[in-house]
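Below is one structure, written out as structure tokens, with a few remarks after it.
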Amino acid sequence: MKTPRLILPALLALVMSVVPARAGGELNLFGWSEYIPQTVIDGFTKETGVKVNFETYASNEELLSKLVAGGGSYDLVQPSDYAAEVMIRQKLLSALDPKLIPNLQNLAPDFRHRAHDPEGAYTVPYMSGTVGIVVNTDKVKTPVKGYHDVFTPAFKDRIVVLNDTRELVTWALYTLNLPINSITPEALAKARPVVAEWVKLVKVFDSDSPKTALLNGDVDVGIVWSGEAALLWKENKKFVYVIPAEGAHQFIDVLAIPANAKNKEAAHQFINYILRPEVSVLISEAFPYTNPNLAARKLLSAEQLANPASYPPGTPKLETFRDIGKAAADVDRLVTDLKSAR
Amino acid sequence: MPAPLTAAPRRRFPSGIRLVDYTLTGWTALVMGFLYLPIIVLVAYSFNRSRLNIVLESFTFAWYQRVWENGPLLRAAQNSLLIATVSTVLSVLLGTGGAWLLHRYRYRGARSLQTLVAVPMVMPEILMGISLLILFATAGMGLGFTAVIIGHVTFSFPFVLVAVQARLKGLDPAMEEAALDLGATPLQAFMLVIVPCLRPAIVAGALMAFTLSWDELIVTFFTTNAASATLPIRVFGMAKVGLNPMLNALSAIFIVATAAFVLFSNYLKKLSR
Amino acid sequence: MSPAPVIPTDSRTPHWRAWLLLAPMVAWLVLFVVVPTAILLVYSFCERDEVGRVLFSFTLENYRRVADPVYLRIFLRSIGYAGLTTIICIVVGYPVAYCIGRAREDWRQRLLLLVMVPFWTSFLIRTYAWITILKQEGLLNGFVQQLSPTAKPFDLLYTPTAVVIGLVYAYLPFMILPIYGSVEKLDGALIEAAHDLGAGPLRVFSSVIIPLTMPGIAAGTLLVFVPAVGMFAITDLMGGARVPLIGNVIQNQFLQARDWPFGAALGAVFMGLFALTYWIMLKLGAHSEDSVA
């Protein structure tokens with residue numbers, strides 16, 4: 001009868017290890033892949049007993065597609081600003097209860113009330129970034145300040161840009177001094193010759209990992225996400241990040257609770273947990289974007305704060321994307337046409 | 001010089017044929033080299049200290065240890081293995097059975113059915129993914145393993161069917177006749193006479209089905225939930241912050257495991273003989 | 001050519017039980033191919049709302065947009081890439097399939113597995129390994145430099161050549177495997193007989209071996225060409241996404257432009273054209289078979 005006596009405590013221990021995880025229920029989190037460190041999720045589970053089911057996507061459109069088609073049910077999602085705006089308008093999000101998120105005070109006020117959610121009633125900023133120019137200063141000796149300096153014949157076949165139709169058109173609109181968020185057929189007609197010249201100069205279109213072509217030495221300049229640029233800078237200081245003088249796209253990735261969420265309590269708990277400075281700093285360490293959490297920024301090292309891709313110096317002109325509705329189809333058609341003509 | 005692999009019955013062949021054999025073997029070796037070229041590269045980088053797959057620095061086992069410690073990645077690999085195995089079995093059943101029946105009987109509308117079988121092969125993954133998601137959501141069926149497997153079987157069983165059909169073309173109908181005459185039931189005739197004859201095509205089809213399922217991303221994304229996320233989903237996610245050699249290490253482990261499995265299964269066969 | 005059927009035709013006419021046996025496959029096809037396709041077809045006549053969801057109102061606008069020559073050009077280019085890939089796969093893969101099919105029996109399955117194993121590493125990792133090889137400062141150019149230091153380095157990566165290399169690499173096994181299935185069945189006696197009748201190796205190959213393994217080649221062509229037309233990931237990664245193919249365009253409607261109805265319309269036309277072509281080919285094939293019999 002020796003064995004059962006040994007098994008029983010073992011079983012008990014096993015049950016004990018499972019039970020607290022159940023006590024707080026489960027949280028179905030639908031977020032960007034490689035954006036929330038596993039240590040943060042584990043820490044949350046350890047503290048609250050809430051089991052986190054973490055499902056990932058790689059673009060806002062993937063999130064929207066899966067969310068509107070139904071099927072899954074999520075308690076917490078992580079859209080970018082313009083996707084959140086659409087979701088708010090379509091009543092896909094549930095309003096937050098600020099009383100449950102005391103750590104909101106840690107956030108920089110200018111990140112909380114943006115056009116996508118003016119009252120800050122539905123979303124909490126998670127991380128922010130920009131789209132800007134990376135220059136390999138070993139190869140490029142001329143100053144590069146804006147889009148005009150990138151798209152020159154001198155850099156023909158030495159350029160990588162994001163494979164994103166809206167981004168490409170936005171940069172063209174900036175050089176034309178046109179608004180980026182109200183895209184009219186006239187504006188597109190003006191942008192067309194500009195983009196047509198540009199696509200001829202580009203060597204690689206890549207949204208997933210534009211840093212690869214830069215690191216490999218296949219290109220010398222790029223227009224990429226700031227997160228990519230920060231990783232490049234971390235790897236080698238020869239990669240310098242510049243926010244285009246004409247203006248740049250800023251994105252704010254937020255946390256929000258879907259209207260049909262089952263465990264809103266745990267979702268609030270998770271948001272509040274993430275906003276703690278000592279937790280938020282872990283995210284910054286893993287993913288060097290701009291952290292809107294001022295309390296967490298105080299805990300960052302001098303080198304992290306000096307990374308120009310994470311915390312750009314000066315006061316550049318930055319704008320977030322708004323949903324452009326049906327114009328998105330025209331933008332797509334324009335870029336497809338121009339790329340296809342090469 | 002190694003002996004040529006082609007060793008079909010040869011008695012009094014002119015030397016020209018031997019030359020052809022050597023050329024064929026040489027070509028096959030060359031093509032195998034082409035197939036394994038990137039694999040050799042990625043295995044080499046799995047021992048590389050640098051985090052980025054760019055320059056070879058110094059030797060390390062650290063990435064293998066990292067794989068071992070990465071719970072979500074291992075779970076994803078496990079999910080992929082499970083999903084690929086189940087969908088391969090189902091694809092082989094559906095594909096082989098379908099190919100045989102379409103060959104054996106003259107169904108009305110067989111041509112339309114045949115066309116329908118080919119549709120999933122041409123259907124862009126994104127369309128299949130989204131339409132299946134809408135279907136499952138409308139039917140009130142949750143996402144997860146079942147949904148993923150249904151998707152995978154749908155795009156892989158046609159590959160088995162086409163491969164088996166190619167083998168069935170020109171099959172002597174007398175084979176089945178003889179079996180039936182000797183008192184076999186149609187099922188026995190199929191299982192004992194036809195299936196063994198189709199074996200090479202079934203093996204080929206199964207290999208294709210497994211491979212397709214193992215590496216599919218988009219249909220999987222739209223049908224999966226958190227618990228059933230597969231390896232490709234995790235790998236594509238990781239590409240965003242840079243593919244690190246951990247993934248190379250995982251691939252290397254998988255290749256070694258496969259090789260070991262092949263050797264071991266052969267050894268078992270020898271033992272049983 | 002092929003022996004006349006011994007079984008009288010009436011036993012080939014299906015009994016209700018034969019239909020019952022086929023039922024699982026038919027049910028599967030109806031549930032998971034016909035119904036989803038029907039959903040897409042409905043969507044293709046609808047309008048989109050701002051989330052990209054469909055609004056159920058009838059419109060032909062999406063099909064009018066499909067008729068744009070841009071998309072026709074992209075479609076033709078996709079067919080070109082897929083066709084070239086298929087031809088290279090036949091030329092490269094046939095001898096390999098033949099070699100494996102004629103190998104000693106204990107070697108065959110191992111060799112077959114050997115062909116497939118490289119594809120059990122993730123597509124993305126394999127492709128990045130190719131990038132390491134083909135990039136300007138990559139292994140290939142390093143090797144060339146070793147041989148002749150003055151040679152100009154190849155500029156392969158992010159060119160159409162790289163796309164074709166990637167496509168051939170990805171689809172080669174899908175050509176080798178079905179051809180293997182046909183070669184393995186080849187009757188050695190037939191080849192020997194041809195030799196005995198004085199046919200040289202080339203003659204034996206062209207008038208005995210090729211016709212007998214034609215079903216395998218046809219199957220391989222189907223398995224390579226068809227998926228290759230709609231492929232999108234290789235153009236993105238190895239071609240630098242510079243030239244869009246039909247697969248990229250359809251993908252973008254869902255994952256960038258958020259225009260499901262137009263994506264569905266593009267897909268419907270693409271799949272419809274394919275199904276029609278395939279059906280006609282089957283019909284022509286059946287006619288030629290009848291005339292042979």
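Residue numbering restarts at 1 in every chain; chains get A, B, ... in the order shown in the structure tokens, and ligands count up from 1 in that same order.
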
When the cut-off is 6 Å and we count only C-alpha atoms, which residues of chain C are near chain B, given as a compact mmCIF listing (two decimals) with N, CA and C atoms, in the first residue's frame?
```txt
# COMPACT_ATOMS: atom_id res chain seq x y z
N ARG C 12 -20.23 -1.73 -64.37
CA ARG C 12 -19.58 -0.47 -64.04
C ARG C 12 -20.63 0.62 -63.76
N THR C 13 -21.88 0.31 -64.14
CA THR C 13 -22.94 1.26 -63.83
C THR C 13 -23.23 1.13 -62.34
N PRO C 14 -23.20 2.24 -61.63
CA PRO C 14 -23.26 2.13 -60.18
C PRO C 14 -24.63 1.68 -59.68
N PRO C 36 -19.19 26.72 -49.01
CA PRO C 36 -18.34 27.92 -48.89
C PRO C 36 -18.23 28.70 -50.20
N VAL C 96 14.27 12.09 -61.77
CA VAL C 96 14.37 11.71 -60.36
C VAL C 96 13.31 10.68 -60.03
N ARG C 102 12.61 3.03 -60.27
CA ARG C 102 13.33 1.84 -60.73
C ARG C 102 14.37 1.39 -59.73
N ALA C 103 14.46 2.07 -58.59
CA ALA C 103 15.47 1.70 -57.58
C ALA C 103 15.10 0.36 -56.94
N ARG C 104 16.05 -0.20 -56.24
CA ARG C 104 15.76 -1.43 -55.50
C ARG C 104 14.61 -1.18 -54.55
N THR C 121 10.26 21.36 -42.85
CA THR C 121 10.66 22.53 -42.10
C THR C 121 9.80 23.67 -42.61
N SER C 122 9.52 24.59 -41.73
CA SER C 122 8.58 25.65 -42.07
C SER C 122 8.97 26.38 -43.36
N ALA C 129 16.37 30.70 -45.61
CA ALA C 129 17.64 30.03 -45.93
C ALA C 129 17.99 30.30 -47.40
N TRP C 130 17.00 30.29 -48.27
CA TRP C 130 17.25 30.61 -49.68
C TRP C 130 17.74 32.05 -49.82
N LEU C 177 6.38 12.97 -56.97
CA LEU C 177 5.61 11.92 -56.31
C LEU C 177 4.60 11.23 -57.23
N PRO C 178 3.75 11.97 -57.93
CA PRO C 178 2.80 11.25 -58.82
C PRO C 178 3.49 10.54 -59.98
N GLY C 181 4.59 7.27 -58.86
CA GLY C 181 3.50 6.31 -58.81
C GLY C 181 3.31 5.60 -60.14
N SER C 182 3.52 6.31 -61.24
CA SER C 182 3.36 5.69 -62.56
C SER C 182 4.58 4.88 -62.96
N PRO C 215 -0.02 9.24 -67.38
CA PRO C 215 -0.96 9.59 -66.31
C PRO C 215 -0.25 10.28 -65.14
N GLY C 216 0.95 9.82 -64.82
CA GLY C 216 1.71 10.43 -63.73
C GLY C 216 2.10 11.85 -64.06
N VAL C 226 -1.79 24.04 -60.94
CA VAL C 226 -2.99 24.62 -60.34
C VAL C 226 -2.68 25.40 -59.06
N PRO C 227 -1.99 24.78 -58.08
CA PRO C 227 -1.69 25.59 -56.89
C PRO C 227 -0.73 26.74 -57.20
N GLY C 230 -2.22 30.30 -58.06
CA GLY C 230 -2.79 31.13 -57.00
C GLY C 230 -1.81 31.45 -55.88
N TRP C 279 -13.00 21.13 -66.80
CA TRP C 279 -14.14 20.31 -67.20
C TRP C 279 -14.06 20.01 -68.70
```

Self-check item: Counting only C-alpha atoms, chain A residues within 7 Å of chain B, as a VMD selection string
Solution: chain A and resid 33 to 34 53 to 55 58 66 69 to 72 208 to 209 216

Output of the above residues as a PDB file, in the first residue's frame, restricted to N, CA and C atoms:
```
ATOM      1  N   SER A  33       1.044  38.812 -32.587  1.00  0.00           N
ATOM      2  CA  SER A  33       2.066  37.858 -32.208  1.00  0.00           C
ATOM      3  C   SER A  33       3.343  38.632 -31.912  1.00  0.00           C
ATOM      4  N   GLU A  34       4.085  38.179 -30.934  1.00  0.00           N
ATOM      5  CA  GLU A  34       5.353  38.813 -30.535  1.00  0.00           C
ATOM      6  C   GLU A  34       5.175  40.277 -30.173  1.00  0.00           C
ATOM      7  N   ASN A  53      -5.712  32.445 -22.425  1.00  0.00           N
ATOM      8  CA  ASN A  53      -5.622  31.761 -23.727  1.00  0.00           C
ATOM      9  C   ASN A  53      -5.218  32.809 -24.748  1.00  0.00           C
ATOM     10  N   PHE A  54      -3.971  32.725 -25.174  1.00  0.00           N
ATOM     11  CA  PHE A  54      -3.424  33.769 -26.023  1.00  0.00           C
ATOM     12  C   PHE A  54      -3.449  33.320 -27.483  1.00  0.00           C
ATOM     13  N   GLU A  55      -4.272  33.981 -28.268  1.00  0.00           N
ATOM     14  CA  GLU A  55      -4.341  33.678 -29.693  1.00  0.00           C
ATOM     15  C   GLU A  55      -3.792  34.881 -30.449  1.00  0.00           C
ATOM     16  N   ALA A  58      -1.452  38.659 -37.213  1.00  0.00           N
ATOM     17  CA  ALA A  58      -0.289  39.403 -37.703  1.00  0.00           C
ATOM     18  C   ALA A  58      -0.664  40.711 -38.371  1.00  0.00           C
ATOM     19  N   LYS A  66     -11.526  38.101 -38.536  1.00  0.00           N
ATOM     20  CA  LYS A  66     -11.935  37.011 -37.667  1.00  0.00           C
ATOM     21  C   LYS A  66     -12.990  37.468 -36.663  1.00  0.00           C
ATOM     22  N   ALA A  69     -16.454  38.006 -38.671  1.00  0.00           N
ATOM     23  CA  ALA A  69     -17.052  36.779 -39.197  1.00  0.00           C
ATOM     24  C   ALA A  69     -17.631  35.935 -38.068  1.00  0.00           C
ATOM     25  N   GLY A  70     -17.284  36.274 -36.831  1.00  0.00           N
ATOM     26  CA  GLY A  70     -17.780  35.489 -35.715  1.00  0.00           C
ATOM     27  C   GLY A  70     -16.928  34.257 -35.537  1.00  0.00           C
ATOM     28  N   GLY A  71     -17.414  33.344 -34.722  1.00  0.00           N
ATOM     29  CA  GLY A  71     -16.661  32.122 -34.526  1.00  0.00           C
ATOM     30  C   GLY A  71     -15.950  32.129 -33.195  1.00  0.00           C
ATOM     31  N   GLY A  72     -14.901  32.931 -33.082  1.00  0.00           N
ATOM     32  CA  GLY A  72     -14.193  32.986 -31.815  1.00  0.00           C
ATOM     33  C   GLY A  72     -14.877  33.933 -30.853  1.00  0.00           C
ATOM     34  N   ASP A 208       6.573  42.455 -43.363  1.00  0.00           N
ATOM     35  CA  ASP A 208       6.759  41.529 -42.249  1.00  0.00           C
ATOM     36  C   ASP A 208       8.132  41.669 -41.610  1.00  0.00           C
ATOM     37  N   SER A 209       9.154  41.778 -42.437  1.00  0.00           N
ATOM     38  CA  SER A 209      10.491  41.871 -41.880  1.00  0.00           C
ATOM     39  C   SER A 209      11.388  42.690 -42.805  1.00  0.00           C
ATOM     40  N   ASN A 216      20.969  42.299 -44.602  1.00  0.00           N
ATOM     41  CA  ASN A 216      21.687  41.500 -45.585  1.00  0.00           C
ATOM     42  C   ASN A 216      22.549  42.350 -46.507  1.00  0.00           C
TER      43      ASN A 216
END
```

Per residue of chain A within 9 Å of chain C, what are the shortest atom pair and its distance in Å to one decimal, counting only C-alpha atoms, with rows by chain and residue number, as a tab-separated table?
```
residue	atom	partner	partner_atom	distance
A:Ser59	CA	C:Leu255	CA	7.5
A:Asn60	CA	C:Leu255	CA	8.1
A:Glu61	CA	C:Leu255	CA	5.0
A:Glu62	CA	C:Leu255	CA	6.3
A:Leu64	CA	C:Val51	CA	7.2
A:Ser65	CA	C:Phe254	CA	7.8
A:Val68	CA	C:Arg53	CA	7.1
A:Ala69	CA	C:Arg53	CA	8.1
A:Ala83	CA	C:Val51	CA	8.3
A:Val86	CA	C:Val51	CA	6.4
A:Met87	CA	C:Val51	CA	7.6
A:Gln90	CA	C:Val51	CA	7.8
A:Val160	CA	C:Gly240	CA	8.7
A:Asn163	CA	C:Ala241	CA	7.2
A:Asp164	CA	C:Gln256	CA	7.4
A:Thr165	CA	C:Gln256	CA	7.7
A:Arg166	CA	C:Gln256	CA	8.4
A:Val199	CA	C:Arg242	CA	8.0
A:Val202	CA	C:Arg242	CA	7.9
A:Lys203	CA	C:Gly240	CA	6.7
A:Val204	CA	C:Gly240	CA	4.2
A:Phe205	CA	C:Gly240	CA	5.2
A:Asp206	CA	C:Gly240	CA	6.6
A:Ala213	CA	C:Lys135	CA	8.7
A:Asn216	CA	C:Lys135	CA	7.1
A:Gly217	CA	C:Glu137	CA	7.1
A:Asp218	CA	C:Gln136	CA	6.1
A:Asp323	CA	C:Glu50	CA	8.0
A:Ile324	CA	C:Glu50	CA	8.4
A:Gly325	CA	C:Glu50	CA	5.2
A:Lys326	CA	C:Glu50	CA	7.1
A:Ala327	CA	C:Ala257	CA	8.9
A:Ala328	CA	C:Ala257	CA	5.3
A:Ala329	CA	C:Ala257	CA	5.5
A:Asp330	CA	C:Ala257	CA	8.7
A:Val331	CA	C:Ala257	CA	8.0
A:Asp332	CA	C:Ala257	CA	6.1
A:Arg333	CA	C:Val70	CA	8.9
A:Thr336	CA	C:Pro244	CA	6.9
A:Asp337	CA	C:Val70	CA	6.0
A:Lys339	CA	C:Val243	CA	5.8
A:Ser340	CA	C:Val243	CA	5.6
A:Ala341	CA	C:Val243	CA	8.4
A:Arg342	CA	C:Val243	CA	7.5
```

Exercise. Name the closest residue to A:Ala108 among the candidates A:Leu178, A:Ala230, A:Val335, A:Ala296; distances are taken between atoms, counting only C-alpha atoms.
Key: A:Ala296

Quiz item: In stretch 186-274 of chain A, what's alpha helix (DSSP H) per DSSP? Answer as a PyMOL selection string?
Solution: chain A and resi 186-201+211-216+226-235+264-274

Quiz item: Any idea what's packed within 8 Å of C:Ala82, counting only C-alpha atoms, ignoring anything in its chain fewer than 5 positions away? Could you give it as an MDAnalysis selection string?
Solution: chainID C and resid 224:226 228:229

Write out, as a short mmCIF file (atom, residue, chain, number, x, y, z; two decimals), in the first residue's frame, the residues just selected, with all heavy atoms.
```
data_model
loop_
_atom_site.label_atom_id
_atom_site.label_comp_id
_atom_site.auth_asym_id
_atom_site.auth_seq_id
_atom_site.Cartn_x
_atom_site.Cartn_y
_atom_site.Cartn_z
N VAL C 224 0.98 20.68 -59.69
CA VAL C 224 1.94 21.78 -59.64
C VAL C 224 1.33 23.05 -60.23
O VAL C 224 1.33 24.10 -59.60
CB VAL C 224 3.24 21.41 -60.40
CG1 VAL C 224 4.14 22.64 -60.52
CG2 VAL C 224 3.96 20.30 -59.67
N PHE C 225 0.80 22.94 -61.41
CA PHE C 225 0.32 24.14 -62.11
C PHE C 225 -0.81 24.83 -61.34
O PHE C 225 -0.76 26.05 -61.12
CB PHE C 225 -0.15 23.75 -63.52
CG PHE C 225 -0.64 24.93 -64.32
CD1 PHE C 225 0.27 25.79 -64.92
CD2 PHE C 225 -1.99 25.17 -64.47
CE1 PHE C 225 -0.17 26.88 -65.64
CE2 PHE C 225 -2.44 26.26 -65.19
CZ PHE C 225 -1.53 27.12 -65.79
N VAL C 226 -1.79 24.04 -60.94
CA VAL C 226 -2.99 24.62 -60.34
C VAL C 226 -2.68 25.40 -59.06
O VAL C 226 -3.02 26.58 -58.95
CB VAL C 226 -4.07 23.53 -60.15
CG1 VAL C 226 -5.20 24.03 -59.29
CG2 VAL C 226 -4.56 23.07 -61.50
N ALA C 228 0.16 26.55 -58.16
CA ALA C 228 1.16 27.59 -58.44
C ALA C 228 0.52 28.87 -58.99
O ALA C 228 1.02 29.96 -58.77
CB ALA C 228 2.22 27.07 -59.39
N VAL C 229 -0.60 28.73 -59.70
CA VAL C 229 -1.25 29.93 -60.25
C VAL C 229 -1.70 30.86 -59.13
O VAL C 229 -1.55 32.08 -59.21
CB VAL C 229 -2.47 29.55 -61.13
CG1 VAL C 229 -3.15 30.80 -61.65
CG2 VAL C 229 -2.04 28.68 -62.29
#
```

Practice problem: Extract, using only C-alpha atoms, all DNA, RNA and protein residues at most 12 Å from C:Ile191, discarding same-chain residues fewer than 3 positions from it, and format them as number ranges by chain. | Solution: B: 8-10, 13, 17; C: 102, 183, 186-188, 194-210, 212

Quiz item: Neighbours of stretch 316-318 of chain A within 12 Å (only C-alpha atoms; same-chain residues fewer than 3 positions away dropped), as a list in words?
Solution: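 Using only C-alpha atoms, the neighbours found are Ser128, Gly129, Thr130, Val131, Gly132, Lys145, Gly146, Tyr174, Ile180, Val242, Ile243, Pro244, Ala245, Glu246, Gly247, Ala248, His249, Gln250, Phe251, Ile252, Tyr311, Pro312, Pro313 and Phe321 of chain A.
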
Only N, CA and C atoms, please: the residues just picked out, written as a PDB file, in the first residue's frame.
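out-v9.pdb, written as the output of this step:
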```pdb
ATOM      1  N   SER A 128       3.237  52.564 -28.971  1.00  0.00           N
ATOM      2  CA  SER A 128       3.067  53.431 -30.118  1.00  0.00           C
ATOM      3  C   SER A 128       4.342  53.422 -30.950  1.00  0.00           C
ATOM      4  N   GLY A 129       4.181  53.777 -32.200  1.00  0.00           N
ATOM      5  CA  GLY A 129       5.358  53.805 -33.060  1.00  0.00           C
ATOM      6  C   GLY A 129       5.115  54.680 -34.266  1.00  0.00           C
ATOM      7  N   THR A 130       6.111  54.755 -35.116  1.00  0.00           N
ATOM      8  CA  THR A 130       5.997  55.580 -36.308  1.00  0.00           C
ATOM      9  C   THR A 130       6.497  54.799 -37.509  1.00  0.00           C
ATOM     10  N   VAL A 131       6.270  55.379 -38.677  1.00  0.00           N
ATOM     11  CA  VAL A 131       6.840  54.823 -39.891  1.00  0.00           C
ATOM     12  C   VAL A 131       7.839  55.846 -40.409  1.00  0.00           C
ATOM     13  N   GLY A 132       9.098  55.455 -40.474  1.00  0.00           N
ATOM     14  CA  GLY A 132      10.113  56.435 -40.868  1.00  0.00           C
ATOM     15  C   GLY A 132      11.228  55.818 -41.690  1.00  0.00           C
ATOM     16  N   LYS A 145      16.621  63.330 -45.349  1.00  0.00           N
ATOM     17  CA  LYS A 145      15.741  63.979 -44.375  1.00  0.00           C
ATOM     18  C   LYS A 145      14.277  63.650 -44.590  1.00  0.00           C
ATOM     19  N   GLY A 146      13.910  63.369 -45.848  1.00  0.00           N
ATOM     20  CA  GLY A 146      12.497  63.121 -46.112  1.00  0.00           C
ATOM     21  C   GLY A 146      12.306  62.142 -47.247  1.00  0.00           C
ATOM     22  N   TYR A 174       2.057  63.183 -48.457  1.00  0.00           N
ATOM     23  CA  TYR A 174       2.862  64.077 -47.631  1.00  0.00           C
ATOM     24  C   TYR A 174       3.758  64.952 -48.498  1.00  0.00           C
ATOM     25  N   ILE A 180      -3.688  63.354 -45.376  1.00  0.00           N
ATOM     26  CA  ILE A 180      -3.523  61.907 -45.554  1.00  0.00           C
ATOM     27  C   ILE A 180      -4.772  61.122 -45.188  1.00  0.00           C
ATOM     28  N   VAL A 242      15.273  58.155 -39.148  1.00  0.00           N
ATOM     29  CA  VAL A 242      14.924  59.557 -39.369  1.00  0.00           C
ATOM     30  C   VAL A 242      13.422  59.656 -39.574  1.00  0.00           C
ATOM     31  N   ILE A 243      12.780  60.558 -38.866  1.00  0.00           N
ATOM     32  CA  ILE A 243      11.353  60.783 -39.142  1.00  0.00           C
ATOM     33  C   ILE A 243      11.265  61.771 -40.308  1.00  0.00           C
ATOM     34  N   PRO A 244      10.580  61.400 -41.364  1.00  0.00           N
ATOM     35  CA  PRO A 244      10.543  62.250 -42.563  1.00  0.00           C
ATOM     36  C   PRO A 244      10.061  63.665 -42.245  1.00  0.00           C
ATOM     37  N   ALA A 245      10.747  64.622 -42.820  1.00  0.00           N
ATOM     38  CA  ALA A 245      10.425  66.013 -42.536  1.00  0.00           C
ATOM     39  C   ALA A 245       9.021  66.389 -42.998  1.00  0.00           C
ATOM     40  N   GLU A 246       8.560  65.740 -44.068  1.00  0.00           N
ATOM     41  CA  GLU A 246       7.242  66.087 -44.614  1.00  0.00           C
ATOM     42  C   GLU A 246       6.110  65.672 -43.675  1.00  0.00           C
ATOM     43  N   GLY A 247       6.400  64.757 -42.744  1.00  0.00           N
ATOM     44  CA  GLY A 247       5.370  64.244 -41.855  1.00  0.00           C
ATOM     45  C   GLY A 247       5.410  62.733 -41.873  1.00  0.00           C
ATOM     46  N   ALA A 248       4.916  62.114 -40.807  1.00  0.00           N
ATOM     47  CA  ALA A 248       4.990  60.661 -40.746  1.00  0.00           C
ATOM     48  C   ALA A 248       3.757  60.073 -40.083  1.00  0.00           C
ATOM     49  N   HIS A 249       3.513  58.829 -40.425  1.00  0.00           N
ATOM     50  CA  HIS A 249       2.387  58.085 -39.862  1.00  0.00           C
ATOM     51  C   HIS A 249       2.777  57.596 -38.471  1.00  0.00           C
ATOM     52  N   GLN A 250       1.941  57.926 -37.507  1.00  0.00           N
ATOM     53  CA  GLN A 250       2.136  57.390 -36.169  1.00  0.00           C
ATOM     54  C   GLN A 250       1.013  56.400 -35.892  1.00  0.00           C
ATOM     55  N   PHE A 251       1.363  55.274 -35.318  1.00  0.00           N
ATOM     56  CA  PHE A 251       0.296  54.338 -34.946  1.00  0.00           C
ATOM     57  C   PHE A 251       0.315  54.132 -33.444  1.00  0.00           C
ATOM     58  N   ILE A 252      -0.893  53.937 -32.912  1.00  0.00           N
ATOM     59  CA  ILE A 252      -1.017  53.646 -31.489  1.00  0.00           C
ATOM     60  C   ILE A 252      -1.772  52.333 -31.386  1.00  0.00           C
ATOM     61  N   TYR A 311      12.267  56.710 -29.187  1.00  0.00           N
ATOM     62  CA  TYR A 311      11.920  58.031 -28.661  1.00  0.00           C
ATOM     63  C   TYR A 311      12.558  59.107 -29.537  1.00  0.00           C
ATOM     64  N   PRO A 312      11.906  59.446 -30.644  1.00  0.00           N
ATOM     65  CA  PRO A 312      12.508  60.374 -31.594  1.00  0.00           C
ATOM     66  C   PRO A 312      12.691  61.747 -30.968  1.00  0.00           C
ATOM     67  N   PRO A 313      13.850  62.369 -31.206  1.00  0.00           N
ATOM     68  CA  PRO A 313      14.095  63.693 -30.655  1.00  0.00           C
ATOM     69  C   PRO A 313      13.288  64.747 -31.408  1.00  0.00           C
ATOM     70  N   PHE A 321      -3.549  57.314 -38.582  1.00  0.00           N
ATOM     71  CA  PHE A 321      -4.463  57.006 -39.692  1.00  0.00           C
ATOM     72  C   PHE A 321      -5.892  57.040 -39.199  1.00  0.00           C
TER      73      PHE A 321
END
```

Practice problem: Using atom CA of A:Val161 and atom CA of A:Val221 as the two end points, give the distance in Å to one decimal. | Solution: 8.6 Å

Quiz item: Quick one: DSSP strand (DSSP E) residues in stretch 182-342 of chain A, as a count of residues only?
Solution: 26

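Non-sequential neighbours of A:Phe30 (distance at most 8 Å, separation of 6 or more positions within a chain, only C-alpha atoms) are Phe54, Glu55, Thr56, Tyr57, Leu63, Tyr74, Asp75, Leu76, Val77 and Gln78 of chain A.
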
Store the residues picked out above, limited to N, CA and C atoms, as a CSV table (one decimal), in the first residue's frame.
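In the end it all went to result.csv:
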```csv
chain,number,residue,atom,x,y,z
A,54,PHE,N,-4.0,32.7,-25.2
A,54,PHE,CA,-3.4,33.8,-26.0
A,54,PHE,C,-3.4,33.3,-27.5
A,55,GLU,N,-4.3,34.0,-28.3
A,55,GLU,CA,-4.3,33.7,-29.7
A,55,GLU,C,-3.8,34.9,-30.4
A,56,THR,N,-3.1,34.6,-31.5
A,56,THR,CA,-2.4,35.7,-32.2
A,56,THR,C,-2.8,36.0,-33.6
A,57,TYR,N,-2.5,37.2,-34.1
A,57,TYR,CA,-2.7,37.6,-35.5
A,57,TYR,C,-1.6,38.4,-35.9
A,63,LEU,N,-7.3,40.5,-37.6
A,63,LEU,CA,-8.2,40.7,-36.4
A,63,LEU,C,-9.6,41.0,-36.8
A,74,TYR,N,-13.7,36.6,-27.8
A,74,TYR,CA,-12.5,37.1,-27.1
A,74,TYR,C,-12.9,38.1,-26.0
A,75,ASP,N,-12.0,38.1,-25.0
A,75,ASP,CA,-12.3,39.1,-23.9
A,75,ASP,C,-11.5,40.3,-24.0
A,76,LEU,N,-10.4,40.2,-24.8
A,76,LEU,CA,-9.5,41.4,-24.9
A,76,LEU,C,-8.8,41.3,-26.3
A,77,VAL,N,-8.8,42.5,-27.0
A,77,VAL,CA,-8.2,42.5,-28.3
A,77,VAL,C,-7.2,43.7,-28.3
A,78,GLN,N,-6.4,43.7,-29.4
A,78,GLN,CA,-5.3,44.7,-29.4
A,78,GLN,C,-5.2,45.3,-30.8
```
